[in-house]
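So this one's input-v9.cif, mmCIF, C-alpha atoms and all ligand atoms:
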data_protein
loop_
_atom_site.group_PDB
_atom_site.id
_atom_site.type_symbol
_atom_site.label_atom_id
_atom_site.label_comp_id
_atom_site.auth_asym_id
_atom_site.auth_seq_id
_atom_site.Cartn_x
_atom_site.Cartn_y
_atom_site.Cartn_z
ATOM 1 C CA MET A 1 0.000 0.000 0.000
ATOM 2 C CA ASP A 2 1.221 3.512 -0.780
ATOM 3 C CA ASN A 3 1.079 5.558 2.431
ATOM 4 C CA PHE A 4 3.059 8.533 1.117
ATOM 5 C CA ARG A 5 1.462 11.887 1.992
ATOM 6 C CA LYS A 6 -1.034 13.065 -0.596
ATOM 7 C CA VAL A 7 -1.080 16.776 0.313
ATOM 8 C CA PRO A 8 1.655 19.294 1.199
ATOM 9 C CA TRP A 9 2.971 18.990 4.737
ATOM 10 C CA LEU A 10 1.574 22.359 5.809
ATOM 11 C CA VAL A 11 -1.187 23.485 8.156
ATOM 12 C CA ASP A 12 -4.502 22.387 6.595
ATOM 13 C CA GLU A 13 -5.806 25.920 6.004
ATOM 14 C CA ALA A 14 -2.598 26.849 4.191
ATOM 15 C CA VAL A 15 -3.132 23.901 1.847
ATOM 16 C CA GLU A 16 -6.692 25.116 1.208
ATOM 17 C CA PHE A 17 -5.364 28.634 0.577
ATOM 18 C CA LEU A 18 -3.000 27.242 -2.069
ATOM 19 C CA ARG A 19 -5.747 25.119 -3.610
ATOM 20 C CA THR A 20 -8.043 28.148 -3.931
ATOM 21 C CA GLU A 21 -5.360 30.439 -5.352
ATOM 22 C CA ILE A 22 -4.328 27.795 -7.889
ATOM 23 C CA GLU A 23 -7.962 27.289 -8.929
ATOM 24 C CA LYS A 24 -8.341 31.055 -9.393
ATOM 25 C CA GLY A 25 -5.276 31.042 -11.658
ATOM 26 C CA ASN A 26 -3.194 33.141 -9.269
ATOM 27 C CA ILE A 27 -0.430 30.560 -8.821
ATOM 28 C CA GLU A 28 1.164 29.068 -11.925
ATOM 29 C CA THR A 29 4.881 29.297 -11.118
ATOM 30 C CA VAL A 30 6.451 28.088 -7.867
ATOM 31 C CA LEU A 31 9.947 28.091 -6.356
ATOM 32 C CA GLU A 32 10.235 25.722 -3.396
ATOM 33 C CA PHE A 33 12.982 25.079 -0.848
ATOM 34 C CA GLY A 34 12.434 21.715 0.873
ATOM 35 C CA SER A 35 10.733 19.050 -1.216
ATOM 36 C CA GLY A 36 8.268 16.270 -0.536
ATOM 37 C CA ALA A 37 4.529 15.764 -0.906
ATOM 38 C CA SER A 38 4.222 19.472 -1.725
ATOM 39 C CA THR A 39 6.431 19.002 -4.798
ATOM 40 C CA LEU A 40 4.299 16.188 -6.173
ATOM 41 C CA TRP A 41 0.994 17.914 -5.354
ATOM 42 C CA LEU A 42 2.099 21.201 -6.931
ATOM 43 C CA ALA A 43 3.633 19.527 -9.987
ATOM 44 C CA ASP A 44 0.154 18.160 -10.758
ATOM 45 C CA ARG A 45 -1.447 21.596 -10.480
ATOM 46 C CA VAL A 46 0.861 24.395 -11.649
ATOM 47 C CA ASP A 47 2.712 25.117 -14.895
ATOM 48 C CA THR A 48 6.206 25.312 -13.421
ATOM 49 C CA ILE A 49 7.728 24.248 -10.124
ATOM 50 C CA VAL A 50 11.412 24.587 -9.341
ATOM 51 C CA SER A 51 12.064 22.574 -6.188
ATOM 52 C CA VAL A 52 15.389 22.525 -4.351
ATOM 53 C CA GLU A 53 16.538 19.662 -2.112
ATOM 54 C CA HIS A 54 19.753 19.041 -0.145
ATOM 55 C CA ASP A 55 19.339 15.370 0.826
ATOM 56 C CA PRO A 56 20.428 12.951 -1.946
ATOM 57 C CA GLY A 57 18.400 10.018 -0.549
ATOM 58 C CA TRP A 58 15.222 12.097 -0.341
ATOM 59 C CA TYR A 59 15.941 13.587 -3.765
ATOM 60 C CA ASN A 60 16.112 10.107 -5.305
ATOM 61 C CA LYS A 61 12.897 9.060 -3.611
ATOM 62 C CA ILE A 62 10.962 12.116 -4.783
ATOM 63 C CA SER A 63 12.561 11.998 -8.267
ATOM 64 C CA THR A 64 11.129 8.529 -8.813
ATOM 65 C CA ARG A 65 7.690 9.805 -7.895
ATOM 66 C CA ILE A 66 7.947 12.944 -9.999
ATOM 67 C CA GLY A 67 8.619 10.723 -13.009
ATOM 68 C CA THR A 68 7.597 12.658 -16.055
ATOM 69 C CA LYS A 69 5.478 15.385 -14.464
ATOM 70 C CA SER A 70 6.188 17.954 -17.127
ATOM 71 C CA GLY A 71 6.494 21.212 -15.226
ATOM 72 C CA ALA A 72 8.806 19.924 -12.481
ATOM 73 C CA ASP A 73 12.387 21.195 -12.378
ATOM 74 C CA TYR A 74 13.877 19.336 -9.392
ATOM 75 C CA ARG A 75 17.376 20.363 -8.290
ATOM 76 C CA LEU A 76 19.688 18.617 -5.791
ATOM 77 C CA ARG A 77 22.000 21.230 -4.316
ATOM 78 C CA GLU A 78 24.521 21.458 -1.504
ATOM 79 C CA ARG A 79 23.779 23.765 1.397
ATOM 80 C CA PRO A 80 23.344 26.607 1.675
ATOM 81 C CA TYR A 81 21.046 26.092 -1.261
ATOM 82 C CA ASN A 82 19.729 29.636 -1.555
ATOM 83 C CA SER A 83 22.519 29.878 -4.173
ATOM 84 C CA VAL A 84 20.017 28.380 -6.604
ATOM 85 C CA CYS A 85 18.619 31.921 -6.903
ATOM 86 C CA ASP A 86 21.765 32.834 -8.866
ATOM 87 C CA GLU A 87 21.244 30.019 -11.352
ATOM 88 C CA ASN A 88 19.277 30.020 -14.567
ATOM 89 C CA LEU A 89 15.647 29.656 -13.642
ATOM 90 C CA PRO A 90 12.716 29.192 -16.013
ATOM 91 C CA VAL A 91 11.164 32.521 -15.007
ATOM 92 C CA ASP A 92 12.553 35.587 -13.237
ATOM 93 C CA LYS A 93 9.464 36.126 -11.078
ATOM 94 C CA PHE A 94 7.435 33.459 -9.280
ATOM 95 C CA ASP A 95 3.812 33.558 -8.145
ATOM 96 C CA LEU A 96 4.761 31.628 -5.010
ATOM 97 C CA VAL A 97 7.963 30.887 -3.097
ATOM 98 C CA ILE A 98 7.804 28.177 -0.404
ATOM 99 C CA ILE A 99 10.296 28.106 2.460
ATOM 100 C CA ASP A 100 10.059 24.655 4.041
ATOM 101 C CA GLY A 101 13.560 23.230 4.154
ATOM 102 C CA LYS A 102 17.044 24.213 5.321
ATOM 103 C CA ASP A 103 18.778 27.623 5.393
ATOM 104 C CA ARG A 104 15.432 29.355 5.801
ATOM 105 C CA ILE A 105 16.657 32.850 6.560
ATOM 106 C CA GLU A 106 19.130 32.806 3.655
ATOM 107 C CA CYS A 107 16.420 31.449 1.335
ATOM 108 C CA VAL A 108 14.006 34.249 2.282
ATOM 109 C CA LYS A 109 16.687 36.907 1.767
ATOM 110 C CA SER A 110 17.732 35.510 -1.618
ATOM 111 C CA SER A 111 14.268 34.788 -2.990
ATOM 112 C CA HIS A 112 11.947 37.568 -1.803
ATOM 113 C CA ASP A 113 12.875 39.633 -4.873
ATOM 114 C CA MET A 114 11.861 36.725 -7.060
ATOM 115 C CA VAL A 115 8.244 36.897 -5.926
ATOM 116 C CA ARG A 116 6.125 38.795 -8.456
ATOM 117 C CA LYS A 117 4.126 41.838 -7.342
ATOM 118 C CA GLY A 118 0.943 40.539 -5.725
ATOM 119 C CA GLY A 119 2.555 37.117 -5.214
ATOM 120 C CA TYR A 120 3.121 35.010 -2.106
ATOM 121 C CA LEU A 121 5.998 33.882 0.063
ATOM 122 C CA LEU A 122 4.990 30.975 2.320
ATOM 123 C CA VAL A 123 6.954 29.930 5.406
ATOM 124 C CA ASP A 124 6.043 26.726 7.199
ATOM 125 C CA ASN A 125 6.880 26.222 10.894
ATOM 126 C CA SER A 126 6.603 29.960 11.343
ATOM 127 C CA ASP A 127 5.835 29.986 15.064
ATOM 128 C CA MET A 128 7.993 32.419 17.004
ATOM 129 C CA ASP A 129 9.814 29.615 18.849
ATOM 130 C CA ALA A 130 11.301 28.387 15.583
ATOM 131 C CA PRO A 131 14.871 29.717 15.362
ATOM 132 C CA TRP A 132 14.387 31.367 11.963
ATOM 133 C CA SER A 133 11.020 33.073 12.583
ATOM 134 C CA PRO A 134 11.997 36.307 14.378
ATOM 135 C CA GLU A 135 14.531 37.249 11.695
ATOM 136 C CA ILE A 136 12.223 36.301 8.823
ATOM 137 C CA PHE A 137 9.285 38.256 10.272
ATOM 138 C CA ASP A 138 11.529 41.249 10.842
ATOM 139 C CA PHE A 139 12.975 41.051 7.326
ATOM 140 C CA LEU A 140 9.476 40.917 5.791
ATOM 141 C CA LYS A 141 7.891 43.387 8.207
ATOM 142 C CA SER A 142 6.592 45.616 5.425
ATOM 143 C CA TRP A 143 4.639 42.706 3.857
ATOM 144 C CA LYS A 144 1.075 41.899 4.902
ATOM 145 C CA ARG A 145 0.745 38.369 6.232
ATOM 146 C CA ARG A 146 -1.664 35.696 7.362
ATOM 147 C CA THR A 147 -0.844 32.884 9.782
ATOM 148 C CA TRP A 148 -2.755 29.650 10.301
ATOM 149 C CA VAL A 149 -2.308 27.381 13.326
ATOM 150 C CA GLN A 150 -2.887 23.621 13.280
ATOM 151 C CA SER A 151 -4.498 22.838 16.605
ATOM 152 C CA GLY A 152 -5.212 19.121 16.177
ATOM 153 C CA PRO A 153 -4.232 16.380 13.754
ATOM 154 C CA ASP A 154 -3.986 17.575 10.157
ATOM 155 C CA GLN A 155 -6.036 16.102 7.315
ATOM 156 C CA GLU A 156 -3.616 13.149 7.103
ATOM 157 C CA GLY A 157 -3.557 12.590 10.858
ATOM 158 C CA HIS A 158 -0.171 14.188 11.507
ATOM 159 C CA VAL A 159 0.211 15.829 14.924
ATOM 160 C CA ALA A 160 2.993 18.278 15.782
ATOM 161 C CA PRO A 161 5.406 16.938 18.423
ATOM 162 C CA ASP A 162 4.613 17.787 22.062
ATOM 163 C CA GLY A 163 5.372 21.401 22.900
ATOM 164 C CA ILE A 164 5.731 22.482 19.266
ATOM 165 C CA LYS A 165 3.196 24.913 17.845
ATOM 166 C CA TRP A 166 2.628 24.249 14.158
ATOM 167 C CA GLU A 167 1.940 27.363 12.125
ATOM 168 C CA THR A 168 2.163 28.305 8.469
ATOM 169 C CA THR A 169 2.429 31.945 7.385
ATOM 170 C CA VAL A 170 1.856 33.427 3.959
ATOM 171 C CA PHE A 171 3.427 36.843 3.322
ATOM 172 C CA PHE A 172 1.771 38.927 0.597
ATOM 173 C CA LYS A 173 3.896 41.064 -1.694
ATOM 174 C CA GLU A 174 2.381 44.452 -2.553
ATOM 175 C CA LYS A 175 0.534 44.591 -5.857
ATOM 176 C CA LYS A 176 2.175 47.774 -7.088
HETATM 177 C C1 LIG B 1 9.561 19.878 6.113
HETATM 178 S S1 LIG B 1 10.305 18.850 4.953
HETATM 179 C C2 LIG B 1 9.648 19.479 3.433
HETATM 180 C C3 LIG B 1 8.236 19.058 3.246
HETATM 181 C C4 LIG B 1 7.615 19.388 1.919
HETATM 182 N N1 LIG B 1 7.710 20.800 1.577
HETATM 183 C C5 LIG B 1 6.166 18.971 1.935
HETATM 184 O O1 LIG B 1 5.265 19.832 2.098
HETATM 185 O O2 LIG B 1 5.912 17.778 1.806
HETATM 186 C C6 LIG B 1 11.967 19.452 4.933
HETATM 187 C C7 LIG B 1 13.018 18.444 4.502
HETATM 188 O O3 LIG B 1 12.897 17.271 5.270
HETATM 189 C C8 LIG B 1 13.269 16.148 4.491
HETATM 190 N N2 LIG B 1 12.104 15.252 4.483
HETATM 191 C C9 LIG B 1 10.835 15.558 4.229
HETATM 192 N N3 LIG B 1 10.015 14.509 4.413
HETATM 193 C C10 LIG B 1 10.797 13.509 4.817
HETATM 194 C C11 LIG B 1 10.534 12.163 5.174
HETATM 195 N N4 LIG B 1 9.303 11.660 5.143
HETATM 196 N N5 LIG B 1 11.582 11.426 5.528
HETATM 197 C C12 LIG B 1 12.816 11.945 5.541
HETATM 198 N N6 LIG B 1 13.132 13.217 5.210
HETATM 199 C C13 LIG B 1 12.126 13.985 4.851
HETATM 200 C C14 LIG B 1 13.685 16.657 3.123
HETATM 201 O O4 LIG B 1 15.085 16.826 3.103
HETATM 202 C C15 LIG B 1 12.987 17.992 3.069
HETATM 203 O O5 LIG B 1 13.633 18.908 2.246
#

Encoded form (structure tokens):
Amino acid sequence: MDNFRKVPWLVDEAVEFLRTEIEKGNIETVLEFGSGASTLWLADRVDTIVSVEHDPGWYNKISTRIGTKSGADYRLRERPYNSVCDENLPVDKFDLVIIDGKDRIECVKSSHDMVRKGGYLLVDNSDMDAPWSPEIFDFLKSWKRRTWVQSGPDQEGHVAPDGIKWETTVFFKEKK
């Protein structure tokens, strides 16, 4: 039986936010740091996803599952992997950037300029006890934001470890 996650490993309401924005046509291009179920789910729904991974074993596992999904551009890179922002990318502005892996502060600083006007920068595990959150929130303090908290098991039954608050925040880039 295949018990691999079917939906991104984010707070449920953040997944629903993404689903709605994709259905409205507001998200067609995605840059993601930290791959997994989100990569597969997004590759089925958007035109282009560039996903960056540091772990070769995980990369091989997800690569097999990506197979021939046409819009997926999956890159294995050494840390700190925010350097991917200096590489050739299929577009110069993305509708959505997802920060859900390593080197989170560096990834925010290198990629925030790559979000299009009116686009989104999503940070998972954005509770203030997470070591990266204070600096990321300060860096993006001029952006509007929305945070969702997962208070019980998520839609796949995952529960955050004891004592850990699980939050996902989407930062909104100004439209003009
Ligand atoms: C929080 S996970 C990324 C999750 C992904 N964005 C998603 O929504 O499914 C961050 C990193 O943990 C590792 N990882 C994720 N799921 C894993 C698993 N089931 N087993 C081992 N490593 C995993 C990968 O290196 C990944 O880049």

Next item on the list: Using all atoms listed in the file, pick whichever of A:Ile105, A:Ala14, A:Val30, A:Ile49 has the shortest atom-to-atom distance to Ala130 of chain A.
Entry: A:Ile105

Item checked: Reference answer for the PyMOL selection byres (((chain A and resi 66-82) around 8) and not hetatm), as a PyMOL selection string -> chain A and resi 40+43-44+46-56+59+62-65+83-85+102-103+106-107+110-111

Notebook entry, point to check: What's the 7 Å shell around segment 113-127 of chain A, counting all atoms listed in the file, without same-chain residues fewer than 2 positions away, as a ChimeraX atom specification?
Noted result: /A:10,92-100,111,129-130,133,165-176

Is it possible to get the axis-aligned box enclosing segment 6-20 of chain A (all listed atoms, 8 Å extra per side) as lines of an AutoDock Vina configuration file, with centre and edge lengths in Å rounded to one decimal?
center_x = -2.5
center_y = 20.8
center_z = 2.1
size_x = 27.0
size_y = 31.6
size_z = 28.1

Item checked: Residue contacts of Arg45 of chain A (12 Å, only C-alpha atoms) excluding same-chain residues fewer than 6 positions away, as a PyMOL selection string -> chain A and resi 7+18-30+38-39+69-72

Item checked: Point-to-point distance from atom CA of Thr147 of chain A to atom CA of Met128 of chain A, Å rounded to tenths -> 11.4 Å

Next item on the list: Please return, as a PyMOL selection string, all polymer residues that have at least one atom within 12 Å of the point (-0.8, 8.8, -1.0); use only C-alpha atoms and the file's own coordinate frame.
Entry: chain A and resi 1-8+36-38+40-41+65+156

Next item on the list: Counting all atoms listed in the file, figure out which residue out of A:Glu135, A:Asp162, A:Asp86, A:Asp12 gets nearest to ligand LIG 1 (chain B).
Entry: A:Asp12

Check: Just how far from atom CA of Asp138 of chain A is atom N3 of ligand LIG 1 (chain B), in Å to one decimal?
Finding: 27.5 Å

Checklist line | Point-to-point distance from atom CA of His158 of chain A to atom C8 of ligand LIG 1 (chain B), Å rounded to tenths | finding: 15.3 Å

Margin query: Between A:Pro131, A:Phe33, A:Val108, A:Lys144, which residue has the minimum interatomic distance to ligand LIG 1 (chain B), considering all atoms listed in the file?
Written below: A:Phe33

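Using only C-alpha atoms and all ligand atoms, the nearest neighbour of ligand LIG 1 (chain B) within the list A:Asn88, A:Val11, A:Ser151, A:Gly101 is A:Gly101.
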
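Comparing A:Ser35, A:Phe17, A:Leu42, A:His112 by their smallest distance to ligand LIG 1 (chain B), the closest is A:Ser35 (using all atoms listed in the file).
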
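The shortest atom-to-atom distance to ligand LIG 1 (chain B), with all atoms listed in the file taken into account, belongs to A:Gly34 out of A:Phe137, A:Gly34, A:Asp154, A:Glu16.
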